[in-house]
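Below is protein.cif, which holds mmCIF, N, CA and C atoms and all ligand atoms.
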```cif
data_structure
loop_
_atom_site.label_atom_id
_atom_site.label_comp_id
_atom_site.auth_asym_id
_atom_site.auth_seq_id
_atom_site.Cartn_x
_atom_site.Cartn_y
_atom_site.Cartn_z
N MET A 38 97.92 45.21 83.79
CA MET A 38 97.69 43.96 84.52
C MET A 38 97.21 44.25 85.94
N THR A 39 97.99 45.05 86.67
CA THR A 39 97.58 45.37 88.05
C THR A 39 96.26 46.12 88.08
N GLU A 40 96.08 47.03 87.10
CA GLU A 40 94.84 47.80 87.07
C GLU A 40 93.64 46.88 86.97
N ARG A 41 93.77 45.86 86.15
CA ARG A 41 92.67 44.91 85.95
C ARG A 41 92.35 44.20 87.27
N VAL A 42 93.39 43.77 87.97
CA VAL A 42 93.21 43.07 89.23
C VAL A 42 92.50 43.97 90.24
N ILE A 43 92.93 45.23 90.30
CA ILE A 43 92.31 46.17 91.23
C ILE A 43 90.83 46.35 90.90
N ASN A 44 90.53 46.48 89.61
CA ASN A 44 89.13 46.66 89.23
C ASN A 44 88.27 45.47 89.60
N LEU A 45 88.76 44.27 89.32
CA LEU A 45 87.99 43.08 89.64
C LEU A 45 87.78 42.95 91.14
N LYS A 46 88.82 43.26 91.90
CA LYS A 46 88.74 43.18 93.35
C LYS A 46 87.70 44.16 93.87
N SER A 47 87.76 45.38 93.37
CA SER A 47 86.78 46.39 93.80
C SER A 47 85.38 45.97 93.43
N PHE A 48 85.24 45.42 92.24
CA PHE A 48 83.93 45.00 91.76
C PHE A 48 83.30 44.01 92.73
N PHE A 49 84.06 43.00 93.15
CA PHE A 49 83.49 41.99 94.03
C PHE A 49 83.39 42.47 95.48
N GLU A 50 84.30 43.34 95.89
CA GLU A 50 84.17 43.91 97.23
C GLU A 50 82.89 44.74 97.33
N GLU A 51 82.65 45.52 96.31
CA GLU A 51 81.43 46.34 96.28
C GLU A 51 80.19 45.45 96.21
N ALA A 52 80.27 44.40 95.39
CA ALA A 52 79.13 43.49 95.23
C ALA A 52 78.78 42.85 96.57
N ARG A 53 79.82 42.45 97.30
CA ARG A 53 79.60 41.82 98.61
C ARG A 53 78.86 42.76 99.54
N ALA A 54 79.13 44.05 99.41
CA ALA A 54 78.48 45.05 100.25
C ALA A 54 77.11 45.44 99.70
N GLY A 55 76.70 44.78 98.61
CA GLY A 55 75.37 45.05 98.09
C GLY A 55 75.31 46.16 97.05
N ARG A 56 76.50 46.59 96.60
CA ARG A 56 76.52 47.67 95.60
C ARG A 56 77.09 47.14 94.29
N LEU A 57 76.33 47.37 93.25
CA LEU A 57 76.77 46.93 91.93
C LEU A 57 77.51 48.09 91.26
N THR A 58 78.68 47.79 90.74
CA THR A 58 79.45 48.84 90.07
C THR A 58 79.81 48.42 88.66
N GLY A 59 79.87 49.35 87.80
CA GLY A 59 80.40 49.11 86.46
C GLY A 59 81.66 49.94 86.34
N ILE A 60 82.30 49.88 85.21
CA ILE A 60 83.45 50.74 84.97
C ILE A 60 83.20 51.48 83.68
N ARG A 61 83.56 52.75 83.69
CA ARG A 61 83.35 53.57 82.51
C ARG A 61 84.69 53.98 81.95
N CYS A 62 84.83 53.86 80.64
CA CYS A 62 86.08 54.18 79.96
C CYS A 62 86.30 55.69 79.95
N GLY A 63 87.48 56.11 80.39
CA GLY A 63 87.81 57.53 80.37
C GLY A 63 88.10 58.02 78.97
N GLY A 64 88.33 57.08 78.03
CA GLY A 64 88.63 57.45 76.66
C GLY A 64 87.39 57.76 75.84
N CYS A 65 86.43 56.84 75.87
CA CYS A 65 85.26 57.01 74.99
C CYS A 65 83.94 56.97 75.73
N GLY A 66 83.97 56.70 77.04
CA GLY A 66 82.73 56.72 77.82
C GLY A 66 81.98 55.41 77.85
N GLU A 67 82.51 54.38 77.20
CA GLU A 67 81.83 53.09 77.19
C GLU A 67 81.74 52.51 78.60
N LEU A 68 80.58 51.91 78.91
CA LEU A 68 80.37 51.29 80.21
C LEU A 68 80.59 49.79 80.08
N ALA A 69 81.36 49.22 81.00
CA ALA A 69 81.63 47.79 80.94
C ALA A 69 81.36 47.14 82.28
N ILE A 70 80.80 45.96 82.24
CA ILE A 70 80.57 45.20 83.45
C ILE A 70 80.43 43.74 83.06
N PRO A 71 81.03 42.78 83.75
CA PRO A 71 82.04 43.04 84.78
C PRO A 71 83.32 43.56 84.15
N PRO A 72 84.24 44.04 84.98
CA PRO A 72 85.45 44.69 84.48
C PRO A 72 86.24 43.84 83.50
N LYS A 73 86.81 44.49 82.53
CA LYS A 73 87.72 43.82 81.62
C LYS A 73 88.97 44.67 81.47
N GLU A 74 89.94 44.14 80.76
CA GLU A 74 91.23 44.83 80.75
C GLU A 74 91.25 46.07 79.86
N TYR A 75 90.82 45.88 78.62
CA TYR A 75 90.86 46.99 77.68
C TYR A 75 89.46 47.33 77.20
N CYS A 76 89.24 48.58 76.90
CA CYS A 76 87.96 49.00 76.35
C CYS A 76 87.81 48.44 74.94
N ALA A 77 86.66 47.78 74.69
CA ALA A 77 86.42 47.22 73.36
C ALA A 77 86.18 48.34 72.35
N GLY A 78 85.76 49.49 72.85
CA GLY A 78 85.43 50.59 71.95
C GLY A 78 86.66 51.33 71.45
N CYS A 79 87.61 51.60 72.34
CA CYS A 79 88.74 52.46 71.93
C CYS A 79 90.08 51.88 72.34
N GLN A 80 90.11 50.66 72.89
CA GLN A 80 91.36 49.95 73.24
C GLN A 80 92.16 50.63 74.34
N GLN A 81 91.57 51.57 75.05
CA GLN A 81 92.31 52.20 76.14
C GLN A 81 92.08 51.42 77.42
N ARG A 82 92.86 51.78 78.44
CA ARG A 82 92.69 51.15 79.73
C ARG A 82 92.63 52.24 80.78
N ASP A 83 91.57 52.95 80.76
CA ASP A 83 91.41 54.13 81.61
C ASP A 83 90.04 54.04 82.27
N TRP A 84 89.88 53.01 83.13
CA TRP A 84 88.58 52.73 83.70
C TRP A 84 88.30 53.53 84.97
N HIS A 85 87.08 53.93 85.13
CA HIS A 85 86.64 54.62 86.35
C HIS A 85 85.43 53.87 86.89
N LEU A 86 85.45 53.56 88.17
CA LEU A 86 84.31 52.86 88.77
C LEU A 86 83.09 53.76 88.80
N VAL A 87 81.96 53.23 88.41
CA VAL A 87 80.71 53.98 88.48
C VAL A 87 79.66 53.14 89.18
N PRO A 88 78.91 53.72 90.10
CA PRO A 88 77.84 52.97 90.76
C PRO A 88 76.68 52.73 89.79
N LEU A 89 76.09 51.55 89.88
CA LEU A 89 74.93 51.23 89.04
C LEU A 89 73.72 51.06 89.95
N SER A 90 72.54 51.28 89.42
CA SER A 90 71.33 51.22 90.24
C SER A 90 71.02 49.79 90.66
N GLY A 91 71.45 48.81 89.87
CA GLY A 91 71.12 47.42 90.17
C GLY A 91 69.76 47.00 89.65
N ALA A 92 69.03 47.91 89.05
CA ALA A 92 67.71 47.58 88.53
C ALA A 92 67.81 47.24 87.05
N GLY A 93 67.08 46.21 86.65
CA GLY A 93 67.11 45.81 85.25
C GLY A 93 65.99 44.86 84.94
N THR A 94 66.03 44.28 83.76
CA THR A 94 65.03 43.30 83.36
C THR A 94 65.73 42.07 82.78
N ILE A 95 65.07 40.94 82.91
CA ILE A 95 65.63 39.69 82.39
C ILE A 95 65.61 39.72 80.86
N ALA A 96 66.78 39.45 80.26
CA ALA A 96 66.85 39.37 78.80
C ALA A 96 66.66 37.92 78.37
N SER A 97 67.28 37.00 79.09
CA SER A 97 67.11 35.58 78.83
C SER A 97 67.51 34.83 80.08
N PHE A 98 67.06 33.59 80.22
CA PHE A 98 67.39 32.84 81.42
C PHE A 98 67.46 31.35 81.13
N THR A 99 68.10 30.61 82.01
CA THR A 99 68.22 29.16 81.91
C THR A 99 68.09 28.58 83.31
N VAL A 100 67.35 27.50 83.44
CA VAL A 100 67.31 26.80 84.72
C VAL A 100 68.35 25.68 84.66
N ILE A 101 69.28 25.72 85.61
CA ILE A 101 70.36 24.74 85.67
C ILE A 101 69.90 23.57 86.54
N ARG A 102 69.81 22.40 85.96
CA ARG A 102 69.38 21.22 86.72
C ARG A 102 70.49 20.20 86.91
N VAL A 103 71.49 20.27 86.03
CA VAL A 103 72.66 19.41 86.18
C VAL A 103 73.81 20.34 86.56
N ALA A 104 74.31 20.16 87.76
CA ALA A 104 75.26 21.13 88.31
C ALA A 104 76.63 21.04 87.67
N PRO A 105 77.27 22.21 87.46
CA PRO A 105 78.68 22.20 87.12
C PRO A 105 79.46 21.63 88.31
N ARG A 106 80.67 21.18 88.07
CA ARG A 106 81.50 20.62 89.13
C ARG A 106 81.55 21.55 90.35
N GLY A 107 81.32 20.98 91.52
CA GLY A 107 81.43 21.77 92.74
C GLY A 107 80.14 22.48 93.14
N ARG A 108 79.11 22.37 92.30
CA ARG A 108 77.87 23.06 92.64
C ARG A 108 76.71 22.08 92.83
N GLY A 109 77.05 20.85 93.18
CA GLY A 109 76.06 19.79 93.28
C GLY A 109 74.93 20.08 94.25
N GLY A 110 75.25 20.78 95.36
CA GLY A 110 74.22 21.03 96.35
C GLY A 110 73.29 22.17 96.01
N GLU A 111 73.54 22.83 94.91
CA GLU A 111 72.80 24.07 94.62
C GLU A 111 71.69 23.91 93.59
N VAL A 112 71.72 22.83 92.79
CA VAL A 112 70.70 22.69 91.75
C VAL A 112 69.34 22.31 92.34
N PRO A 113 68.23 22.60 91.69
CA PRO A 113 68.21 23.43 90.47
C PRO A 113 68.27 24.92 90.84
N TYR A 114 68.84 25.70 89.94
CA TYR A 114 68.84 27.15 90.11
C TYR A 114 68.77 27.79 88.74
N ALA A 115 68.39 29.04 88.72
CA ALA A 115 68.26 29.74 87.44
C ALA A 115 69.34 30.80 87.32
N VAL A 116 69.86 30.95 86.14
CA VAL A 116 70.76 32.07 85.84
C VAL A 116 70.11 32.88 84.72
N ALA A 117 70.35 34.16 84.75
CA ALA A 117 69.74 35.01 83.73
C ALA A 117 70.72 36.07 83.26
N VAL A 118 70.56 36.44 82.02
CA VAL A 118 71.23 37.64 81.52
C VAL A 118 70.28 38.79 81.80
N VAL A 119 70.75 39.73 82.59
CA VAL A 119 69.92 40.86 82.99
C VAL A 119 70.44 42.13 82.32
N ARG A 120 69.52 42.82 81.67
CA ARG A 120 69.89 44.10 81.06
C ARG A 120 69.59 45.21 82.07
N LEU A 121 70.64 45.86 82.51
CA LEU A 121 70.49 46.91 83.52
C LEU A 121 69.95 48.19 82.90
N GLU A 122 69.36 49.01 83.77
CA GLU A 122 68.85 50.32 83.34
C GLU A 122 69.88 51.12 82.58
N GLU A 123 71.15 50.97 82.99
CA GLU A 123 72.23 51.75 82.38
C GLU A 123 72.60 51.25 80.99
N GLY A 124 72.00 50.12 80.56
CA GLY A 124 72.22 49.67 79.19
C GLY A 124 73.25 48.56 79.02
N VAL A 125 73.84 48.09 80.12
CA VAL A 125 74.77 46.97 80.02
C VAL A 125 74.09 45.70 80.51
N SER A 126 74.56 44.57 80.04
CA SER A 126 73.98 43.29 80.43
C SER A 126 74.96 42.50 81.27
N LEU A 127 74.41 41.68 82.15
CA LEU A 127 75.22 40.98 83.14
C LEU A 127 74.57 39.65 83.46
N LEU A 128 75.39 38.62 83.59
CA LEU A 128 74.89 37.29 83.95
C LEU A 128 74.82 37.18 85.47
N GLY A 129 73.72 36.68 86.00
CA GLY A 129 73.61 36.54 87.44
C GLY A 129 72.71 35.37 87.84
N ARG A 130 72.83 35.00 89.10
CA ARG A 130 72.02 33.94 89.68
C ARG A 130 70.67 34.53 90.10
N ILE A 131 69.58 33.84 89.76
CA ILE A 131 68.24 34.30 90.17
C ILE A 131 67.92 33.75 91.55
N VAL A 132 67.50 34.62 92.45
CA VAL A 132 67.12 34.17 93.79
C VAL A 132 65.72 34.68 94.14
N ASP A 133 64.97 33.85 94.86
CA ASP A 133 63.64 34.21 95.36
C ASP A 133 62.63 34.54 94.27
N ILE A 134 62.81 34.00 93.09
CA ILE A 134 61.80 34.13 92.04
C ILE A 134 61.49 32.71 91.55
N PRO A 135 60.23 32.27 91.68
CA PRO A 135 59.89 30.91 91.23
C PRO A 135 60.19 30.74 89.74
N PHE A 136 60.75 29.57 89.37
CA PHE A 136 61.13 29.33 87.98
C PHE A 136 59.97 29.59 87.02
N GLU A 137 58.75 29.16 87.45
CA GLU A 137 57.62 29.23 86.51
C GLU A 137 57.19 30.67 86.23
N THR A 138 57.68 31.62 87.02
CA THR A 138 57.30 33.01 86.75
C THR A 138 58.40 33.76 85.98
N LEU A 139 59.52 33.09 85.73
CA LEU A 139 60.60 33.75 84.98
C LEU A 139 60.19 33.97 83.54
N ARG A 140 60.47 35.14 83.03
CA ARG A 140 60.19 35.44 81.62
C ARG A 140 61.07 36.61 81.20
N ALA A 141 61.29 36.71 79.91
CA ALA A 141 62.03 37.86 79.39
C ALA A 141 61.23 39.12 79.68
N GLY A 142 61.91 40.15 80.14
CA GLY A 142 61.24 41.41 80.44
C GLY A 142 60.85 41.58 81.90
N LEU A 143 61.01 40.50 82.70
CA LEU A 143 60.66 40.59 84.11
C LEU A 143 61.64 41.53 84.85
N PRO A 144 61.10 42.52 85.58
CA PRO A 144 61.98 43.42 86.33
C PRO A 144 62.65 42.68 87.50
N VAL A 145 63.92 42.91 87.69
CA VAL A 145 64.67 42.30 88.79
C VAL A 145 65.61 43.35 89.39
N ARG A 146 66.15 43.02 90.55
CA ARG A 146 67.08 43.93 91.20
C ARG A 146 68.29 43.15 91.71
N PHE A 147 69.46 43.76 91.58
CA PHE A 147 70.69 43.13 92.03
C PHE A 147 70.68 42.84 93.52
N ARG A 148 71.21 41.67 93.87
CA ARG A 148 71.52 41.41 95.28
C ARG A 148 72.68 40.42 95.31
N PRO A 149 73.62 40.63 96.22
CA PRO A 149 74.74 39.70 96.30
C PRO A 149 74.28 38.36 96.86
N VAL A 150 74.84 37.29 96.35
CA VAL A 150 74.54 35.95 96.86
C VAL A 150 75.82 35.44 97.50
N GLN A 151 75.80 35.32 98.81
CA GLN A 151 77.01 34.91 99.52
C GLN A 151 77.05 33.39 99.63
N MET A 152 78.02 32.78 98.95
CA MET A 152 78.23 31.35 99.08
C MET A 152 79.32 31.19 100.15
N GLU A 153 79.86 29.98 100.29
CA GLU A 153 80.81 29.78 101.38
C GLU A 153 81.94 30.81 101.39
N ALA A 154 82.67 30.87 100.30
CA ALA A 154 83.83 31.76 100.29
C ALA A 154 83.78 32.79 99.18
N GLU A 155 82.70 32.78 98.42
CA GLU A 155 82.66 33.67 97.27
C GLU A 155 81.34 34.41 97.24
N THR A 156 81.35 35.53 96.57
CA THR A 156 80.13 36.30 96.37
C THR A 156 79.74 36.17 94.92
N LEU A 157 78.51 35.75 94.68
CA LEU A 157 78.01 35.66 93.32
C LEU A 157 77.13 36.87 93.03
N ILE A 158 77.11 37.23 91.76
CA ILE A 158 76.17 38.25 91.34
C ILE A 158 74.80 37.59 91.27
N GLY A 159 73.83 38.18 91.95
CA GLY A 159 72.49 37.60 91.95
C GLY A 159 71.45 38.67 91.66
N PHE A 160 70.28 38.19 91.27
CA PHE A 160 69.16 39.10 91.05
C PHE A 160 67.91 38.51 91.68
N GLY A 161 67.19 39.34 92.43
CA GLY A 161 65.95 38.93 93.05
C GLY A 161 64.81 39.81 92.54
N PRO A 162 63.64 39.67 93.17
CA PRO A 162 62.48 40.46 92.74
C PRO A 162 62.78 41.96 92.80
N ALA A 163 62.23 42.71 91.87
CA ALA A 163 62.48 44.16 91.82
C ALA A 163 61.82 44.85 93.01
ZN ZN B 201 86.85 53.42 75.48
#
```
Translate this file's structure into C-alpha cells.
Amino acid sequence: MTERVINLKSFFEEARAGRLTGIRCGGCGELAIPPKEYCAGCQQRDWHLVPLSGAGTIASFTVIRVAPRGRGGEVPYAVAVVRLEEGVSLLGRIVDIPFETLRAGLPVRFRPVQMEAETLIGFGPA
C-alpha cells in the first residue's frame, strides 16, 4: 500500500519537473506506466523507477467538447493515447497541436501541463 503511494507521488513529482518516469518490475522486467500496485505479468510488487524519453506517437485521440465536471473552462481539448518509444502507452492531454492535424502515428513529446493545483500528463509537438 505505502509502496504504491510512494510510486504515484514520485511519478507526479517527476512529471511536474518535466521528467516522465515509468516503473520496471524487478521480478520480470515489465514496464508499467502510470504506476500500479502489482505487476500484471508476475504479480510481484518490486517496482523500480526508470526514466523515459517522453517521445512517442499518437495511437488514438479524442477531442473533448463537453467537459467533465470541473473542467468547464478547458474545452475543447484533445486527449490521446500515446505509445512511447519504450513500448508502453499512456493517456495524456494534447497541447499546442491543432485538432485538425491530429492523426494516429503523429510524433509527440511529453510535457507537463500545470493546472491550478495539479499536474496533468500532456503531449506537445515532437
Ligand atoms: Zn513482473
What is the CA of Val118 (chain A) to CA of Ser97 (chain A) distance in Å?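 Value for the CA of Val118 (chain A)-CA of Ser97 (chain A) distance: 5.3 Å.
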May I have the residues within 8 Å of ligand ZN 201 (chain B), computed using only N, CA and C atoms and all ligand atoms, as a PyMOL selection string? chain A and resi 61-68+75-83
Compare A:Ile134, A:Arg102, A:Ile95, A:Leu86 by their minimum atom-to-atom distance to Leu121 (chain A), counting all atoms listed in the file, and give me the closest one. A:Ile95
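With only C-alpha atoms as the atoms that count, the residue of A:Gly93, A:Gly107, A:Pro113, A:Gly55 with the shortest distance to Gly142 (chain A) is A:Gly93.
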Option closest in space to Ala92 (chain A), from A:Glu137, A:Glu153, A:Glu111, A:Glu123 [counting only N, CA and C atoms]: A:Glu123
Those of chain A in DSSP strand (DSSP E or B), formatted as a VMD selection string: chain A and resid 58 to 62 68 to 69 84 to 88 92 to 101 114 to 121 126 to 131 144 to 151 156 to 162
Write the residues of the selection above to a file with N, CA and C atoms, as a compact mmCIF listing (two decimals), in the frame of the given file.
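Written file, again06.txt:
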```txt
# COMPACT_ATOMS: atom_id res chain seq x y z
N THR A 58 78.68 47.79 90.74
CA THR A 58 79.45 48.84 90.07
C THR A 58 79.81 48.42 88.66
N GLY A 59 79.87 49.35 87.80
CA GLY A 59 80.40 49.11 86.46
C GLY A 59 81.66 49.94 86.34
N ILE A 60 82.30 49.88 85.21
CA ILE A 60 83.45 50.74 84.97
C ILE A 60 83.20 51.48 83.68
N ARG A 61 83.56 52.75 83.69
CA ARG A 61 83.35 53.57 82.51
C ARG A 61 84.69 53.98 81.95
N CYS A 62 84.83 53.86 80.64
CA CYS A 62 86.08 54.18 79.96
C CYS A 62 86.30 55.69 79.95
N LEU A 68 80.58 51.91 78.91
CA LEU A 68 80.37 51.29 80.21
C LEU A 68 80.59 49.79 80.08
N ALA A 69 81.36 49.22 81.00
CA ALA A 69 81.63 47.79 80.94
C ALA A 69 81.36 47.14 82.28
N TRP A 84 89.88 53.01 83.13
CA TRP A 84 88.58 52.73 83.70
C TRP A 84 88.30 53.53 84.97
N HIS A 85 87.08 53.93 85.13
CA HIS A 85 86.64 54.62 86.35
C HIS A 85 85.43 53.87 86.89
N LEU A 86 85.45 53.56 88.17
CA LEU A 86 84.31 52.86 88.77
C LEU A 86 83.09 53.76 88.80
N VAL A 87 81.96 53.23 88.41
CA VAL A 87 80.71 53.98 88.48
C VAL A 87 79.66 53.14 89.18
N PRO A 88 78.91 53.72 90.10
CA PRO A 88 77.84 52.97 90.76
C PRO A 88 76.68 52.73 89.79
N ALA A 92 69.03 47.91 89.05
CA ALA A 92 67.71 47.58 88.53
C ALA A 92 67.81 47.24 87.05
N GLY A 93 67.08 46.21 86.65
CA GLY A 93 67.11 45.81 85.25
C GLY A 93 65.99 44.86 84.94
N THR A 94 66.03 44.28 83.76
CA THR A 94 65.03 43.30 83.36
C THR A 94 65.73 42.07 82.78
N ILE A 95 65.07 40.94 82.91
CA ILE A 95 65.63 39.69 82.39
C ILE A 95 65.61 39.72 80.86
N ALA A 96 66.78 39.45 80.26
CA ALA A 96 66.85 39.37 78.80
C ALA A 96 66.66 37.92 78.37
N SER A 97 67.28 37.00 79.09
CA SER A 97 67.11 35.58 78.83
C SER A 97 67.51 34.83 80.08
N PHE A 98 67.06 33.59 80.22
CA PHE A 98 67.39 32.84 81.42
C PHE A 98 67.46 31.35 81.13
N THR A 99 68.10 30.61 82.01
CA THR A 99 68.22 29.16 81.91
C THR A 99 68.09 28.58 83.31
N VAL A 100 67.35 27.50 83.44
CA VAL A 100 67.31 26.80 84.72
C VAL A 100 68.35 25.68 84.66
N ILE A 101 69.28 25.72 85.61
CA ILE A 101 70.36 24.74 85.67
C ILE A 101 69.90 23.57 86.54
N TYR A 114 68.84 25.70 89.94
CA TYR A 114 68.84 27.15 90.11
C TYR A 114 68.77 27.79 88.74
N ALA A 115 68.39 29.04 88.72
CA ALA A 115 68.26 29.74 87.44
C ALA A 115 69.34 30.80 87.32
N VAL A 116 69.86 30.95 86.14
CA VAL A 116 70.76 32.07 85.84
C VAL A 116 70.11 32.88 84.72
N ALA A 117 70.35 34.16 84.75
CA ALA A 117 69.74 35.01 83.73
C ALA A 117 70.72 36.07 83.26
N VAL A 118 70.56 36.44 82.02
CA VAL A 118 71.23 37.64 81.52
C VAL A 118 70.28 38.79 81.80
N VAL A 119 70.75 39.73 82.59
CA VAL A 119 69.92 40.86 82.99
C VAL A 119 70.44 42.13 82.32
N ARG A 120 69.52 42.82 81.67
CA ARG A 120 69.89 44.10 81.06
C ARG A 120 69.59 45.21 82.07
N LEU A 121 70.64 45.86 82.51
CA LEU A 121 70.49 46.91 83.52
C LEU A 121 69.95 48.19 82.90
N SER A 126 74.56 44.57 80.04
CA SER A 126 73.98 43.29 80.43
C SER A 126 74.96 42.50 81.27
N LEU A 127 74.41 41.68 82.15
CA LEU A 127 75.22 40.98 83.14
C LEU A 127 74.57 39.65 83.46
N LEU A 128 75.39 38.62 83.59
CA LEU A 128 74.89 37.29 83.95
C LEU A 128 74.82 37.18 85.47
N GLY A 129 73.72 36.68 86.00
CA GLY A 129 73.61 36.54 87.44
C GLY A 129 72.71 35.37 87.84
N ARG A 130 72.83 35.00 89.10
CA ARG A 130 72.02 33.94 89.68
C ARG A 130 70.67 34.53 90.10
N ILE A 131 69.58 33.84 89.76
CA ILE A 131 68.24 34.30 90.17
C ILE A 131 67.92 33.75 91.55
N PRO A 144 61.10 42.52 85.58
CA PRO A 144 61.98 43.42 86.33
C PRO A 144 62.65 42.68 87.50
N VAL A 145 63.92 42.91 87.69
CA VAL A 145 64.67 42.30 88.79
C VAL A 145 65.61 43.35 89.39
N ARG A 146 66.15 43.02 90.55
CA ARG A 146 67.08 43.93 91.20
C ARG A 146 68.29 43.15 91.71
N PHE A 147 69.46 43.76 91.58
CA PHE A 147 70.69 43.13 92.03
C PHE A 147 70.68 42.84 93.52
N ARG A 148 71.21 41.67 93.87
CA ARG A 148 71.52 41.41 95.28
C ARG A 148 72.68 40.42 95.31
N PRO A 149 73.62 40.63 96.22
CA PRO A 149 74.74 39.70 96.30
C PRO A 149 74.28 38.36 96.86
N VAL A 150 74.84 37.29 96.35
CA VAL A 150 74.54 35.95 96.86
C VAL A 150 75.82 35.44 97.50
N GLN A 151 75.80 35.32 98.81
CA GLN A 151 77.01 34.91 99.52
C GLN A 151 77.05 33.39 99.63
N THR A 156 81.35 35.53 96.57
CA THR A 156 80.13 36.30 96.37
C THR A 156 79.74 36.17 94.92
N LEU A 157 78.51 35.75 94.68
CA LEU A 157 78.01 35.66 93.32
C LEU A 157 77.13 36.87 93.03
N ILE A 158 77.11 37.23 91.76
CA ILE A 158 76.17 38.25 91.34
C ILE A 158 74.80 37.59 91.27
N GLY A 159 73.83 38.18 91.95
CA GLY A 159 72.49 37.60 91.95
C GLY A 159 71.45 38.67 91.66
N PHE A 160 70.28 38.19 91.27
CA PHE A 160 69.16 39.10 91.05
C PHE A 160 67.91 38.51 91.68
N GLY A 161 67.19 39.34 92.43
CA GLY A 161 65.95 38.93 93.05
C GLY A 161 64.81 39.81 92.54
N PRO A 162 63.64 39.67 93.17
CA PRO A 162 62.48 40.46 92.74
C PRO A 162 62.78 41.96 92.80
```
